[in-house]
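Inspection log for the structure reproduced underneath, given as structure tokens.
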Amino acid sequence: MPEISLFYGIKVTMYYSDHSPPHFHAEYAGNKALVNILSTCIIRGSLPSRQLKLILAWCELHQDELMQNWELAKAAKPLHYINPLV
């Protein structure tokens with residue numbers, strides 16, 4: 001599962017050939033969540049409140065890049081690193 005970003009201790013990954021809807025995985029201190037790229041909401045799991053706000057803001061800022069990576073992942077092609085929040 002390729003890591004596509006890392007910021008404030010939040011690891012963001014995406015699986016190759018994963019199921020719909022388009023999403024990514026976020027992990028922080030043992031907490032895991034699947035985040036819907038298009039609706040910018042949690043599909044499953046949870047993160048602490050502060051990290052949830054950060055990951056959802058990041059998702060909204062990088063929605064186009066995330067969707068490009070989703071298409072690359074579906075085609076089993078290398079994914080692009082996405083800049084972290086700073």
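Each chain of the structure tokens is named A, B, ... in the order shown, its residues numbered from 1; ligands are numbered from 1 in display order.
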
Close residues, Lys11 (chain A) itself excluded, 6 Å, only C-alpha atoms, min 4 positions apart in chain, as a ChimeraX atom specification: /A:6,26-27

Per-residue DSSP, chain A, filtered to strand (DSSP E or B), as a PyMOL selection string: chain A and resi 3-7+10-13+23-28+31-36+41-45

Which residues of region 11-38 of chain A have any atom within 7 Å of an atom in region 42-46 of chain A when counting only C-alpha atoms, and what is the closest pair of atoms for each, with the distance in Å to one decimal? Order the rows by chain and rising number and write it as CSV.
```
residue,atom,partner,partner_atom,distance
A:Asn31,CA,A:Ser46,CA,6.3
A:Lys32,CA,A:Gly45,CA,5.7
A:Ala33,CA,A:Gly45,CA,4.2
A:Leu34,CA,A:Arg44,CA,5.3
A:Val35,CA,A:Ile42,CA,4.5
A:Asn36,CA,A:Ile43,CA,6.1
```

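The space separating CA of Met1 (chain A) from CA of Trp70 (chain A) comes to 12.5 Å.
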
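Across the structure, CA of Tyr8 (chain A) and CA of Lys77 (chain A) are spaced 27.2 Å apart.
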
For Lys53 (chain A), the nearest of the candidates A:Met67, A:Leu38, A:Met14, A:Leu85, counting only C-alpha atoms: A:Leu85

Interatomic distance, CA of Gly9 (chain A) to CA of Ile37 (chain A) (Å, one decimal):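 That distance, rounded to one decimal, is 20.0 Å.
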
Residue among A:Gly30, A:Tyr16, A:Asn69, A:Ile82 lying closest to Leu47 (chain A), counting only C-alpha atoms: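 Looking only at the distances to Leu47 (chain A), the closest residue turns out to be A:Gly30.
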
Per-residue DSSP, chain A, filtered to helix (DSSP H, G or I), as a list in words: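 Filtering chain A to helix (DSSP H, G or I) leaves Ser49, Arg50, Gln51, Leu52, Lys53, Leu54, Ile55, Leu56, Ala57, Trp58, Cys59, Glu60, Leu61, Gln63, Asp64, Glu65, Leu66, Met67, Gln68, Asn69, Trp70, Glu71, Leu72, Ala73 and Lys74 of chain A.
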
Residue nearest Leu79 (chain A) - candidates A:Gln63, A:Leu54, A:Thr13, A:Pro48, atoms counted: only C-alpha atoms: A:Thr13

Spatial neighbours of Glu71 (chain A), 12 Å, only C-alpha atoms, chain gap at least 6 places, as a list of chain:residue names: A:Met14, A:Tyr15, A:Tyr16, A:Ser17, A:Asp18, A:His19, A:Ser20, A:Pro21, A:Pro22, A:His23, A:Asp64, A:Glu65, A:Lys77, A:Pro78, A:Leu79, A:His80

Output the selection as a PDB file, in the first residue's frame - N, CA and C atoms for each residue.
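See part-v7.pdb below for the written result:
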```pdb
ATOM      1  N   MET A  14      -2.901   4.620  -0.239  1.00  0.00           N
ATOM      2  CA  MET A  14      -3.942   4.221  -1.183  1.00  0.00           C
ATOM      3  C   MET A  14      -3.578   2.839  -1.717  1.00  0.00           C
ATOM      4  N   TYR A  15      -4.547   1.936  -1.733  1.00  0.00           N
ATOM      5  CA  TYR A  15      -4.335   0.580  -2.255  1.00  0.00           C
ATOM      6  C   TYR A  15      -4.476   0.566  -3.772  1.00  0.00           C
ATOM      7  N   TYR A  16      -3.740  -0.351  -4.402  1.00  0.00           N
ATOM      8  CA  TYR A  16      -3.939  -0.585  -5.829  1.00  0.00           C
ATOM      9  C   TYR A  16      -5.208  -1.413  -6.012  1.00  0.00           C
ATOM     10  N   SER A  17      -5.959  -1.123  -7.061  1.00  0.00           N
ATOM     11  CA  SER A  17      -7.170  -1.881  -7.412  1.00  0.00           C
ATOM     12  C   SER A  17      -8.130  -2.012  -6.239  1.00  0.00           C
ATOM     13  N   ASP A  18      -8.331  -0.948  -5.484  1.00  0.00           N
ATOM     14  CA  ASP A  18      -9.240  -0.952  -4.333  1.00  0.00           C
ATOM     15  C   ASP A  18     -10.682  -0.777  -4.807  1.00  0.00           C
ATOM     16  N   HIS A  19     -11.620  -1.045  -3.923  1.00  0.00           N
ATOM     17  CA  HIS A  19     -13.053  -0.971  -4.223  1.00  0.00           C
ATOM     18  C   HIS A  19     -13.534   0.482  -4.283  1.00  0.00           C
ATOM     19  N   SER A  20     -14.641   0.693  -4.945  1.00  0.00           N
ATOM     20  CA  SER A  20     -15.278   2.014  -4.980  1.00  0.00           C
ATOM     21  C   SER A  20     -16.050   2.212  -3.677  1.00  0.00           C
ATOM     22  N   PRO A  21     -16.345   3.440  -3.320  1.00  0.00           N
ATOM     23  CA  PRO A  21     -16.073   4.713  -3.981  1.00  0.00           C
ATOM     24  C   PRO A  21     -14.596   5.093  -3.842  1.00  0.00           C
ATOM     25  N   PRO A  22     -14.156   6.062  -4.659  1.00  0.00           N
ATOM     26  CA  PRO A  22     -12.777   6.516  -4.569  1.00  0.00           C
ATOM     27  C   PRO A  22     -12.461   6.992  -3.148  1.00  0.00           C
ATOM     28  N   HIS A  23     -11.385   6.450  -2.576  1.00  0.00           N
ATOM     29  CA  HIS A  23     -11.045   6.791  -1.199  1.00  0.00           C
ATOM     30  C   HIS A  23      -9.555   6.585  -0.950  1.00  0.00           C
ATOM     31  N   ASP A  64      -8.318  16.910  -6.622  1.00  0.00           N
ATOM     32  CA  ASP A  64      -7.961  16.555  -7.998  1.00  0.00           C
ATOM     33  C   ASP A  64      -6.765  15.600  -8.043  1.00  0.00           C
ATOM     34  N   GLU A  65      -5.753  15.879  -7.235  1.00  0.00           N
ATOM     35  CA  GLU A  65      -4.575  15.013  -7.192  1.00  0.00           C
ATOM     36  C   GLU A  65      -4.924  13.631  -6.648  1.00  0.00           C
ATOM     37  N   LYS A  77      -0.607   1.593 -11.693  1.00  0.00           N
ATOM     38  CA  LYS A  77       0.542   2.425 -12.058  1.00  0.00           C
ATOM     39  C   LYS A  77       1.080   3.125 -10.809  1.00  0.00           C
ATOM     40  N   PRO A  78       2.331   3.569 -10.840  1.00  0.00           N
ATOM     41  CA  PRO A  78       2.907   4.253  -9.682  1.00  0.00           C
ATOM     42  C   PRO A  78       2.106   5.504  -9.304  1.00  0.00           C
ATOM     43  N   LEU A  79       1.960   5.718  -8.006  1.00  0.00           N
ATOM     44  CA  LEU A  79       1.202   6.862  -7.502  1.00  0.00           C
ATOM     45  C   LEU A  79       2.132   8.046  -7.256  1.00  0.00           C
ATOM     46  N   HIS A  80       1.555   9.236  -7.304  1.00  0.00           N
ATOM     47  CA  HIS A  80       2.304  10.465  -7.069  1.00  0.00           C
ATOM     48  C   HIS A  80       2.216  10.856  -5.600  1.00  0.00           C
TER      49      HIS A  80
END
```
